$ cat my_file-v6.cif   # mmCIF, C-alpha atoms and all ligand atoms
data_upload
#
loop_
_atom_site.label_atom_id
_atom_site.label_comp_id
_atom_site.auth_asym_id
_atom_site.auth_seq_id
_atom_site.Cartn_x
_atom_site.Cartn_y
_atom_site.Cartn_z
CA MET A 784 1.79 12.99 -24.44
CA PRO A 785 -1.05 12.53 -22.00
CA LEU A 786 -0.15 15.56 -19.95
CA PRO A 787 0.88 18.73 -21.70
CA LEU A 788 4.59 19.19 -22.15
CA ILE A 789 5.22 22.54 -20.57
CA HIS A 790 7.33 24.99 -22.49
CA LEU A 791 8.96 26.92 -19.74
CA ASN A 792 9.96 29.87 -21.93
CA ASP A 793 6.31 30.44 -22.81
CA LEU A 794 5.08 30.60 -19.25
CA PRO A 795 3.74 33.96 -18.17
CA PRO A 796 5.59 35.53 -15.23
CA GLY A 797 2.98 34.36 -12.75
CA GLY A 798 2.95 30.82 -14.13
CA ARG A 799 0.11 28.86 -15.64
CA ASN A 800 -2.54 26.51 -14.39
CA TYR A 801 -3.03 23.01 -15.75
CA SER A 802 -6.00 20.97 -14.72
CA GLY A 803 -8.18 18.22 -16.04
CA GLU A 804 -9.03 14.56 -16.01
CA LEU A 805 -7.06 12.08 -18.04
CA ARG A 806 -8.25 8.69 -19.09
CA THR A 807 -4.94 7.75 -20.63
CA ASP A 808 -2.92 5.38 -18.51
CA ILE A 809 0.26 7.28 -17.76
CA PHE A 810 1.45 4.57 -15.40
CA GLU A 811 1.80 1.78 -17.92
CA LEU A 812 2.15 -0.98 -15.39
CA SER A 813 1.54 -4.25 -17.14
CA GLY A 814 2.76 -6.86 -14.68
CA LYS A 815 0.23 -9.40 -13.52
CA PHE A 816 0.40 -8.22 -9.92
CA ASP A 817 0.96 -4.54 -10.62
CA PRO A 818 -1.51 -1.91 -9.49
CA LYS A 819 -4.02 -1.16 -12.24
CA PHE A 820 -4.87 2.39 -13.12
CA THR A 821 -8.56 3.20 -12.83
CA PRO A 822 -9.38 6.30 -14.89
CA PRO A 823 -9.49 9.16 -14.55
CA PHE A 824 -6.28 10.73 -13.38
CA LYS A 825 -7.32 14.11 -11.96
CA PHE A 826 -5.02 17.03 -11.49
CA ASP A 827 -4.99 20.73 -10.85
CA LEU A 828 -1.51 22.17 -10.91
CA ALA A 829 0.10 25.55 -11.21
CA VAL A 830 3.53 25.73 -12.80
CA ARG A 831 5.85 28.68 -12.60
CA VAL A 832 9.49 29.51 -12.94
CA ASP A 833 10.88 31.43 -10.05
CA ASP A 834 14.49 32.53 -9.83
CA GLY A 835 15.88 29.52 -11.65
CA ASP A 836 13.56 27.01 -10.03
CA ILE A 837 10.56 25.24 -11.49
CA ILE A 838 7.74 25.19 -9.00
CA VAL A 839 4.75 22.91 -9.35
CA GLN A 840 1.94 23.32 -6.89
CA GLY A 841 -1.56 21.89 -6.58
CA TRP A 842 -2.95 18.37 -6.32
CA ALA A 843 -3.35 15.16 -8.24
CA GLU A 844 -5.46 12.08 -7.65
CA THR A 845 -5.71 8.58 -9.04
CA VAL A 846 -7.46 5.38 -8.04
CA PHE A 847 -5.79 2.02 -8.55
CA GLU A 848 -6.93 -1.52 -8.30
CA MET A 849 -4.39 -3.32 -6.15
CA GLN A 850 -4.00 -6.86 -4.98
CA CYS A 851 -4.55 -7.58 -1.30
CA SER A 852 -1.29 -8.84 0.17
CA ARG A 853 -3.14 -11.49 2.14
CA CYS A 854 -6.05 -12.82 0.08
CA THR A 855 -4.89 -11.60 -3.39
CA GLN A 856 -8.32 -10.13 -4.16
CA GLN A 857 -8.43 -6.78 -5.92
CA LEU A 858 -9.06 -3.74 -3.78
CA PRO A 859 -9.37 -0.07 -4.72
CA TRP A 860 -6.74 2.35 -3.48
CA ARG A 861 -6.76 6.10 -3.92
CA VAL A 862 -3.58 8.11 -4.13
CA ARG A 863 -4.19 11.76 -3.54
CA LEU A 864 -1.17 14.01 -3.63
CA ASP A 865 -2.55 17.04 -1.87
CA PRO A 866 -0.87 19.36 -1.41
CA TYR A 867 1.44 18.52 -4.24
CA PHE A 868 4.53 20.67 -4.30
CA THR A 869 7.81 20.30 -6.06
CA CYS A 870 10.60 22.78 -6.50
CA GLU A 871 13.45 21.78 -8.72
CA GLU A 872 16.32 23.60 -10.27
CA ARG A 873 15.52 24.52 -13.84
CA ASP A 874 19.09 23.93 -14.89
CA GLY A 875 18.58 25.35 -18.35
CA ALA A 876 15.61 23.13 -19.20
CA ALA A 877 13.29 24.41 -21.92
CA THR A 878 10.47 22.00 -21.19
CA LEU A 879 8.95 20.21 -18.25
CA ASP A 880 7.30 16.83 -18.57
CA LEU A 881 4.74 16.67 -15.81
CA THR A 882 3.86 13.11 -16.77
CA ALA A 883 7.11 11.56 -15.63
CA GLN A 884 7.14 13.52 -12.41
CA LEU A 885 3.55 12.75 -11.46
CA ARG A 886 3.87 9.14 -12.46
CA GLU A 887 6.80 8.61 -10.16
CA ASP A 888 5.40 10.55 -7.23
CA THR A 889 2.06 8.75 -7.46
CA LEU A 890 3.59 5.30 -7.60
CA LEU A 891 5.82 6.08 -4.65
CA ALA A 892 2.70 6.86 -2.63
CA LEU A 893 1.21 3.40 -3.15
CA PRO A 894 1.36 0.99 -0.22
CA GLY A 895 3.70 -1.96 -0.53
CA TYR A 896 1.40 -4.46 1.17
CA PRO A 897 -2.20 -3.26 0.86
CA ARG A 898 -4.93 -5.15 2.63
CA CYS A 899 -8.68 -5.29 2.03
CA GLU A 900 -9.59 -3.72 5.34
CA GLU A 901 -7.11 -0.88 4.81
CA SER A 902 -8.50 0.29 1.48
CA ASN A 903 -9.03 4.03 1.59
CA VAL A 904 -11.84 3.75 -0.95
CA ALA A 905 -13.92 0.73 0.04
CA PRO A 906 -12.52 -1.12 3.06
CA ARG A 907 -13.96 -4.58 3.66
CA PRO A 908 -13.11 -7.54 5.84
CA CYS A 909 -10.32 -9.53 4.25
CA SER A 910 -11.56 -12.93 3.13
CA ARG A 911 -8.45 -14.44 4.66
CA ASP A 912 -9.74 -13.49 8.10
CA GLY A 913 -12.38 -16.19 7.82
CA GLY A 914 -9.72 -18.69 6.86
CA PHE A 915 -7.84 -18.58 10.11
CA ALA A 916 -8.04 -21.27 12.75
CA PRO A 917 -11.61 -21.83 13.86
CA GLU A 918 -12.30 -21.56 17.55
CA SER A 919 -12.57 -25.31 17.93
CA GLU A 920 -8.83 -25.59 17.42
CA TYR A 921 -8.30 -23.71 20.64
CA VAL A 922 -10.36 -26.10 22.73
CA PRO A 923 -7.88 -28.09 24.81
CA LEU A 924 -7.42 -31.66 23.72
CA ASP A 925 -8.74 -34.44 25.96
CA GLY A 926 -6.45 -34.87 28.89
CA GLU A 927 -5.06 -31.35 28.78
CA GLU A 928 -8.16 -30.09 30.48
CA THR A 929 -7.29 -32.00 33.62
CA VAL A 930 -3.84 -30.45 33.95
CA ASP A 931 -3.80 -28.21 36.95
CA PRO A 932 -1.60 -25.13 36.41
CA GLY A 933 -0.30 -25.70 39.92
CA GLN A 934 1.22 -29.01 38.88
CA ARG A 935 3.80 -27.74 36.43
CA ASP A 936 6.31 -30.11 37.94
CA ALA A 937 4.18 -33.06 36.94
CA TRP A 938 7.06 -34.75 35.12
CA GLY A 939 9.29 -34.50 38.13
CA ALA A 940 6.50 -35.90 40.28
CA LEU A 941 6.17 -38.86 37.92
CA ASP A 942 9.79 -39.77 38.53
CA ASN A 943 8.94 -40.46 42.14
CA LEU A 944 6.22 -42.89 41.27
CA PRO A 945 7.30 -46.53 41.20
CA SER A 946 5.14 -47.22 38.16
CA ALA A 947 6.96 -44.49 36.23
CA ASP A 948 10.39 -45.91 36.81
CA PRO A 949 11.93 -46.17 33.33
CA LYS A 950 14.35 -48.91 34.35
CA PRO A 951 12.25 -51.77 35.65
CA LYS A 952 13.59 -55.10 34.45
CA SER A 953 11.47 -58.22 34.74
ZN ZN B 1 -7.70 -9.40 1.50
#
$ encode --input "my_file-v6.cif" --output "C-alpha cells"
Amino acid sequence: MPLPLIHLNDLPPGGRNYSGELRTDIFELSGKFDPKFTPPFKFDLAVRVDDGDIIVQGWAETVFEMQCSRCTQQLPWRVRLDPYFTCEERDGAATLDLTAQLREDTLLALPGYPRCEESNVAPRPCSRDGGFAPESEYVPLDGEETVDPGQRDAWGALDNLPSADPKPKS
C-alpha cells in the first residue's frame, strides 16, 4: 500500500494530516502510449469524518511524461490537484484507500491530446511545426501569377474566342 490505508475509526475528532512524497508508482500504467509517472508523487491531505461524511482536503501533485499528440515526442506534464477536496458519504466504511481515489482524480486531470508547446512544465516548439508546408509551396505556380482577380469569368470569356471553340471540325 503506497499510501496509508486510513482507519476511519481511529481518526481523532479533528481528523489527521497525511503528507509526503512517494516514489512508488500508484498509477501502474503500462501501455506503450500511456502517460509515465515521474516520481515523486507529492501530497498533503487532511482527512476527517464529519457527520457521516469522509472529507479529504489538501493538495496532491505528480509529473508525468506524456506523448505529444502531434509529433509523438515525450513531454512533461504536471498535474496539481490544488485545492483537492472530496466529500463522500462514509456509508459504514471502516477504511479509506486514498490511493484509489487520488489515482483516479489525477488521471482524470491529464489532457487527452497534449502538445509540446502546451506542456505546463517545459513547453517547447513542437517538432511537427517545422514539418509543415514550406513557404515555397505557397508561391503561385507559373501562369497563376498572371491571373487578374478581375477576370474571374475567364472561362466564359474563352468561350467567345474562335480559337477556343470546342467543336471545330476540319
Ligand atoms: Zn510535439
$ atom_distance --input "my_file-v6.cif" --atom1 "CA of Tyr801 (chain A)" --atom2 "CA of Trp860 (chain A)"
24.3 Å
$ closest_residue --input "my_file-v6.cif" --among "A:Ser910, A:Thr889, A:Ser813, A:Gln850" --to "Lys825 (chain A)" --atoms "all atoms listed in the file"
A:Thr889
$ residues_near_ligand --input "my_file-v6.cif" --ligand "ligand ZN 1 (chain B)" --cutoff "8 Å" --atoms "only C-alpha atoms and all ligand atoms" --output "NGL selection string"
:A and (850-858 or 898-900 or 908-911)
$ residues_around --input "my_file-v6.cif" --residues "Leu805 (chain A)" --least-positions-apart "4" --cutoff "9 Å" --atoms "all atoms listed in the file" --output "MDAnalysis selection string"
chainID A and resid 785:786 809 822:826
$ closest_residue --input "my_file-v6.cif" --among "A:His790, A:Arg907, A:Arg886, A:Arg861" --to "Glu848 (chain A)" --atoms "only C-alpha atoms"
A:Arg861
$ residues_near_point --input "my_file-v6.cif" --point "(-0.4, 19.6, -10.0)" --cutoff "6 Å" --atoms "all atoms listed in the file" --output "list of chain:residue names"
A:Phe826, A:Asp827, A:Leu828, A:Gln840, A:Gly841, A:Trp842, A:Ala843
$ residues_near_point --input "my_file-v6.cif" --point "(10.0, 27.8, -22.0)" --cutoff "6 Å" --atoms "all atoms listed in the file" --output "ChimeraX atom specification"
/A:790-793,877-878
$ closest_residue --input "my_file-v6.cif" --among "A:Pro897, A:Gly875, A:Pro906, A:Gly797" --to "Pro818 (chain A)" --atoms "all atoms listed in the file"
A:Pro897
$ atom_distance --input "my_file-v6.cif" --atom1 "CA of Glu844 (chain A)" --atom2 "CA of Phe820 (chain A)"
11.1 Å
$ atom_distance --input "my_file-v6.cif" --atom1 "CA of Tyr896 (chain A)" --atom2 "CA of Met849 (chain A)"
9.4 Å
$ closest_residue --input "my_file-v6.cif" --among "A:Ala905, A:Thr807, A:Leu893, A:Thr869" --to "Val839 (chain A)" --atoms "all atoms listed in the file"
A:Thr869
$ closest_residue --input "my_file-v6.cif" --among "A:Pro894, A:Ser902, A:Phe868, A:Leu879" --to "Leu788 (chain A)" --atoms "only C-alpha atoms"
A:Leu879
$ axis_aligned_box --input "my_file-v6.cif" --around "region 817-820 of chain A" --padding-each-side "6 Å" --output "JSON"
{"center_x": -2.0, "center_y": -1.1, "center_z": -11.3, "size_x": 17.8, "size_y": 18.9, "size_z": 15.6}
